[in-house]
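Here's run.pdb, which has PDB, C-alpha atoms:
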ATOM      1  CA  MET A   1     132.960 136.710  46.984
ATOM      2  CA  THR A   2     129.921 138.919  46.338
ATOM      3  CA  ASP A   3     126.461 137.419  45.848
ATOM      4  CA  PHE A   4     124.907 137.406  42.385
ATOM      5  CA  GLU A   5     121.895 139.735  42.506
ATOM      6  CA  VAL A   6     119.054 140.386  40.093
ATOM      7  CA  ILE A   7     115.811 142.293  40.021
ATOM      8  CA  ALA A   8     113.103 140.695  37.887
ATOM      9  CA  LEU A   9     110.191 142.933  36.836
ATOM     10  CA  PHE A  10     106.744 141.564  35.989
ATOM     11  CA  THR A  11     103.831 143.446  34.420
ATOM     12  CA  PRO A  12     100.503 141.581  34.656
ATOM     13  CA  ALA A  13      98.264 141.417  31.605
ATOM     14  CA  ASP A  14      94.945 143.275  31.862
ATOM     15  CA  GLY A  15      92.741 141.625  34.449
ATOM     16  CA  ARG A  16      95.484 139.200  35.564
ATOM     17  CA  ALA A  17      97.034 141.129  38.481
ATOM     18  CA  ASP A  18      95.483 138.926  41.174
ATOM     19  CA  VAL A  19      96.586 135.743  39.415
ATOM     20  CA  VAL A  20     100.135 137.086  38.937
ATOM     21  CA  HIS A  21     100.232 138.176  42.580
ATOM     22  CA  ALA A  22      99.287 134.654  43.718
ATOM     23  CA  ALA A  23     101.661 132.977  41.266
ATOM     24  CA  LEU A  24     104.617 135.109  42.373
ATOM     25  CA  ALA A  25     103.762 134.524  46.035
ATOM     26  CA  GLY A  26     103.835 130.795  45.275
ATOM     27  CA  LEU A  27     107.435 131.056  44.059
ATOM     28  CA  VAL A  28     108.794 132.462  47.330
ATOM     29  CA  ALA A  29     109.076 129.367  49.558
ATOM     30  CA  PRO A  30     110.477 126.961  46.941
ATOM     31  CA  SER A  31     112.915 129.601  45.674
ATOM     32  CA  ARG A  32     114.189 130.335  49.176
ATOM     33  CA  ALA A  33     114.696 126.587  49.678
ATOM     34  CA  GLU A  34     117.109 126.307  46.729
ATOM     35  CA  PRO A  35     120.688 125.543  47.834
ATOM     36  CA  ALA A  36     122.267 128.636  46.243
ATOM     37  CA  ASN A  37     119.509 131.080  47.220
ATOM     38  CA  ARG A  38     120.416 133.820  49.682
ATOM     39  CA  GLY A  39     117.299 135.943  49.364
ATOM     40  CA  TYR A  40     114.055 136.043  47.409
ATOM     41  CA  THR A  41     111.536 138.821  48.017
ATOM     42  CA  VAL A  42     108.493 139.801  45.945
ATOM     43  CA  ARG A  43     107.298 143.401  46.143
ATOM     44  CA  ARG A  44     104.466 145.242  44.440
ATOM     45  CA  ILE A  45     105.642 148.415  42.739
ATOM     46  CA  SER A  46     103.547 151.487  43.547
ATOM     47  CA  ALA A  47     102.230 152.079  40.076
ATOM     48  CA  THR A  48      99.122 151.842  38.009
ATOM     49  CA  PRO A  49      98.788 149.444  36.329
ATOM     50  CA  PRO A  50     100.334 147.153  38.946
ATOM     51  CA  ARG A  51     103.821 145.774  38.506
ATOM     52  CA  TYR A  52     105.930 143.461  40.635
ATOM     53  CA  ALA A  53     109.639 143.335  41.416
ATOM     54  CA  VAL A  54     111.376 140.196  42.599
ATOM     55  CA  LEU A  55     114.620 140.911  44.453
ATOM     56  CA  GLU A  56     116.855 137.845  44.186
ATOM     57  CA  ARG A  57     120.269 136.922  45.612
ATOM     58  CA  TYR A  58     122.253 133.788  44.866
ATOM     59  CA  ARG A  59     125.635 132.472  45.876
ATOM     60  CA  ASP A  60     126.774 132.884  42.250
ATOM     61  CA  ARG A  61     125.531 133.089  38.643
ATOM     62  CA  ALA A  62     125.354 129.296  38.454
ATOM     63  CA  GLY A  63     122.889 129.350  41.353
ATOM     64  CA  PHE A  64     120.706 131.808  39.459
ATOM     65  CA  GLU A  65     120.852 129.684  36.313
ATOM     66  CA  ALA A  66     119.884 126.621  38.377
ATOM     67  CA  HIS A  67     116.947 128.619  39.781
ATOM     68  CA  ARG A  68     115.694 129.379  36.280
ATOM     69  CA  ALA A  69     115.593 125.627  35.541
ATOM     70  CA  GLU A  70     113.639 124.707  38.699
ATOM     71  CA  PRO A  71     110.159 123.222  38.071
ATOM     72  CA  HIS A  72     108.371 125.954  40.055
ATOM     73  CA  VAL A  73     110.005 128.629  37.884
ATOM     74  CA  THR A  74     109.557 126.863  34.541
ATOM     75  CA  ALA A  75     105.863 126.245  35.355
ATOM     76  CA  PHE A  76     105.379 129.967  36.000
ATOM     77  CA  LEU A  77     107.271 130.978  32.860
ATOM     78  CA  GLU A  78     105.253 128.540  30.735
ATOM     79  CA  ARG A  79     102.169 130.554  31.731
ATOM     80  CA  SER A  80     103.799 133.947  31.172
ATOM     81  CA  ASP A  81     102.116 134.570  27.808
ATOM     82  CA  GLU A  82      98.675 134.356  29.429
ATOM     83  CA  LEU A  83      99.647 136.136  32.669
ATOM     84  CA  LEU A  84     101.982 138.941  31.631
ATOM     85  CA  ALA A  85     101.604 141.967  29.383
ATOM     86  CA  GLU A  86     105.243 141.631  28.302
ATOM     87  CA  PRO A  87     108.165 139.284  28.941
ATOM     88  CA  PRO A  88     109.781 139.623  32.378
ATOM     89  CA  GLU A  89     112.636 142.104  32.511
ATOM     90  CA  VAL A  90     115.666 140.763  34.388
ATOM     91  CA  LEU A  91     118.193 143.333  35.608
ATOM     92  CA  VAL A  92     121.571 141.953  36.700
ATOM     93  CA  LEU A  93     123.190 144.131  39.344
ATOM     94  CA  GLU A  94     126.907 144.831  39.206
ATOM     95  CA  PRO A  95     128.688 143.494  42.277
ATOM     96  CA  GLU A  96     130.324 146.782  43.261
ATOM     97  CA  GLU A  97     128.422 149.426  45.213
ATOM     98  CA  VAL A  98     128.389 152.939  43.833
ATOM     99  CA  ARG A  99     130.067 155.249  46.337
TER
END
Encoded form using structure tokens:
Amino acid sequence: MTDFEVIALFTPADGRADVVHAALAGLVAPSRAEPANRGYTVRRISATPPRYAVLERYRDRAGFEAHRAEPHVTAFLERSDELLAEPPEVLVLEPEEVR
């Protein structure tokens, strides 16, 4: 079975890049500790204004859905209107590699 993978993109609101950076960094350890998590990495995208990509892998879609309901995630998302310029964009990757 192939892992369920997503890329979540975050664009900080004006003047909120440092706060978003810290908030996303705070999601790493608890997300990696989730039972279905197989990888959780936050990267800054080389762009101006700054953007962030979160590369996520879970055992299956149910694991990802459970992640979205975790208190550390819901607390971040509750603040998204004040932190982000736009809603997060979540890209679900197809399980098959392009060859």
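Between atom CA of A:Arg51 and atom CA of A:Val92 the interatomic distance comes to 18.2 Å.
Using all atoms listed in the file, the nearest neighbour of A:Thr48 within the list A:Phe4, A:Arg99, A:Thr11, A:Glu65 is A:Thr11.
Closest approach to A:Pro12 among A:Gly26, A:Pro88, A:Pro95, A:Gly39: A:Pro88, based on only C-alpha atoms.
You will find atom CA of A:Tyr52 at 16.1 Å from atom CA of A:Asp81.
Proximity of A:Pro87, A:Thr2, A:Leu77, A:Pro49 to A:Ala23, computed with all atoms listed in the file, is greatest for A:Leu77.
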task = Evaluate the PyMOL selection byres ((chain A and resi 42) around 10) and record the selected residues as a list of chain:residue names, following the chain and residue labels used in the document.
result = A:Ile7, A:Ala8, A:Leu9, A:His21, A:Leu24, A:Ala25, A:Leu27, A:Val28, A:Tyr40, A:Thr41, A:Arg43, A:Arg44, A:Ile45, A:Tyr52, A:Ala53, A:Val54, A:Leu55, A:Glu56
query = Using all atoms listed in the file, which residue out of A:Asp3, A:Glu89, A:Glu70, A:Asp18 lies closest to A:Pro30?
reply = A:Glu70
inquiry  = So the first atom is atom CA of A:Glu5 and the second is atom CA of A:Leu84; what is the distance between them in Å, to one decimal place?
reply    = 22.7 Å
Close residues, A:Arg38 itself excluded, 7 Å, only C-alpha atoms, min 5 positions apart in chain, as a PDB file with C-alpha atoms, keeping the file's coordinate frame:
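Saved file part.pdb follows:
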ATOM      1  CA  ARG A  57     120.269 136.922  45.612  1.00  0.00           C
ATOM      2  CA  TYR A  58     122.253 133.788  44.866  1.00  0.00           C
ATOM      3  CA  ARG A  59     125.635 132.472  45.876  1.00  0.00           C
TER       4      ARG A  59
END
note = Between A:Val20, A:Ala75, A:Ala85, A:Leu93, smallest distance to A:Arg61 by all atoms listed in the file belongs to A:Leu93
Please return the centre and edge lengths, in Å to one decimal, of a box with edges along x, y and z that contains all listed atoms of stretch 60-76 of chain A, widened by 5 Å on every side, as JSON.
{"center_x": 116.1, "center_y": 128.2, "center_z": 38.4, "size_x": 31.4, "size_y": 19.9, "size_z": 17.7}
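Across A:Phe76, A:Glu97, A:Glu82, A:Ala66, the tightest approach to A:Ala22 is made by A:Phe76 when counting all atoms listed in the file.
Evaluated against the shown file, the PyMOL selection byres ((chain A and resi 67) around 10) gives Pro30, Ser31, Arg32, Glu34, Pro35, Ala36, Asn37, Tyr58, Arg61, Ala62, Gly63, Phe64, Glu65, Ala66, Arg68, Ala69, Glu70, Pro71, His72, Val73 and Thr74 of chain A.
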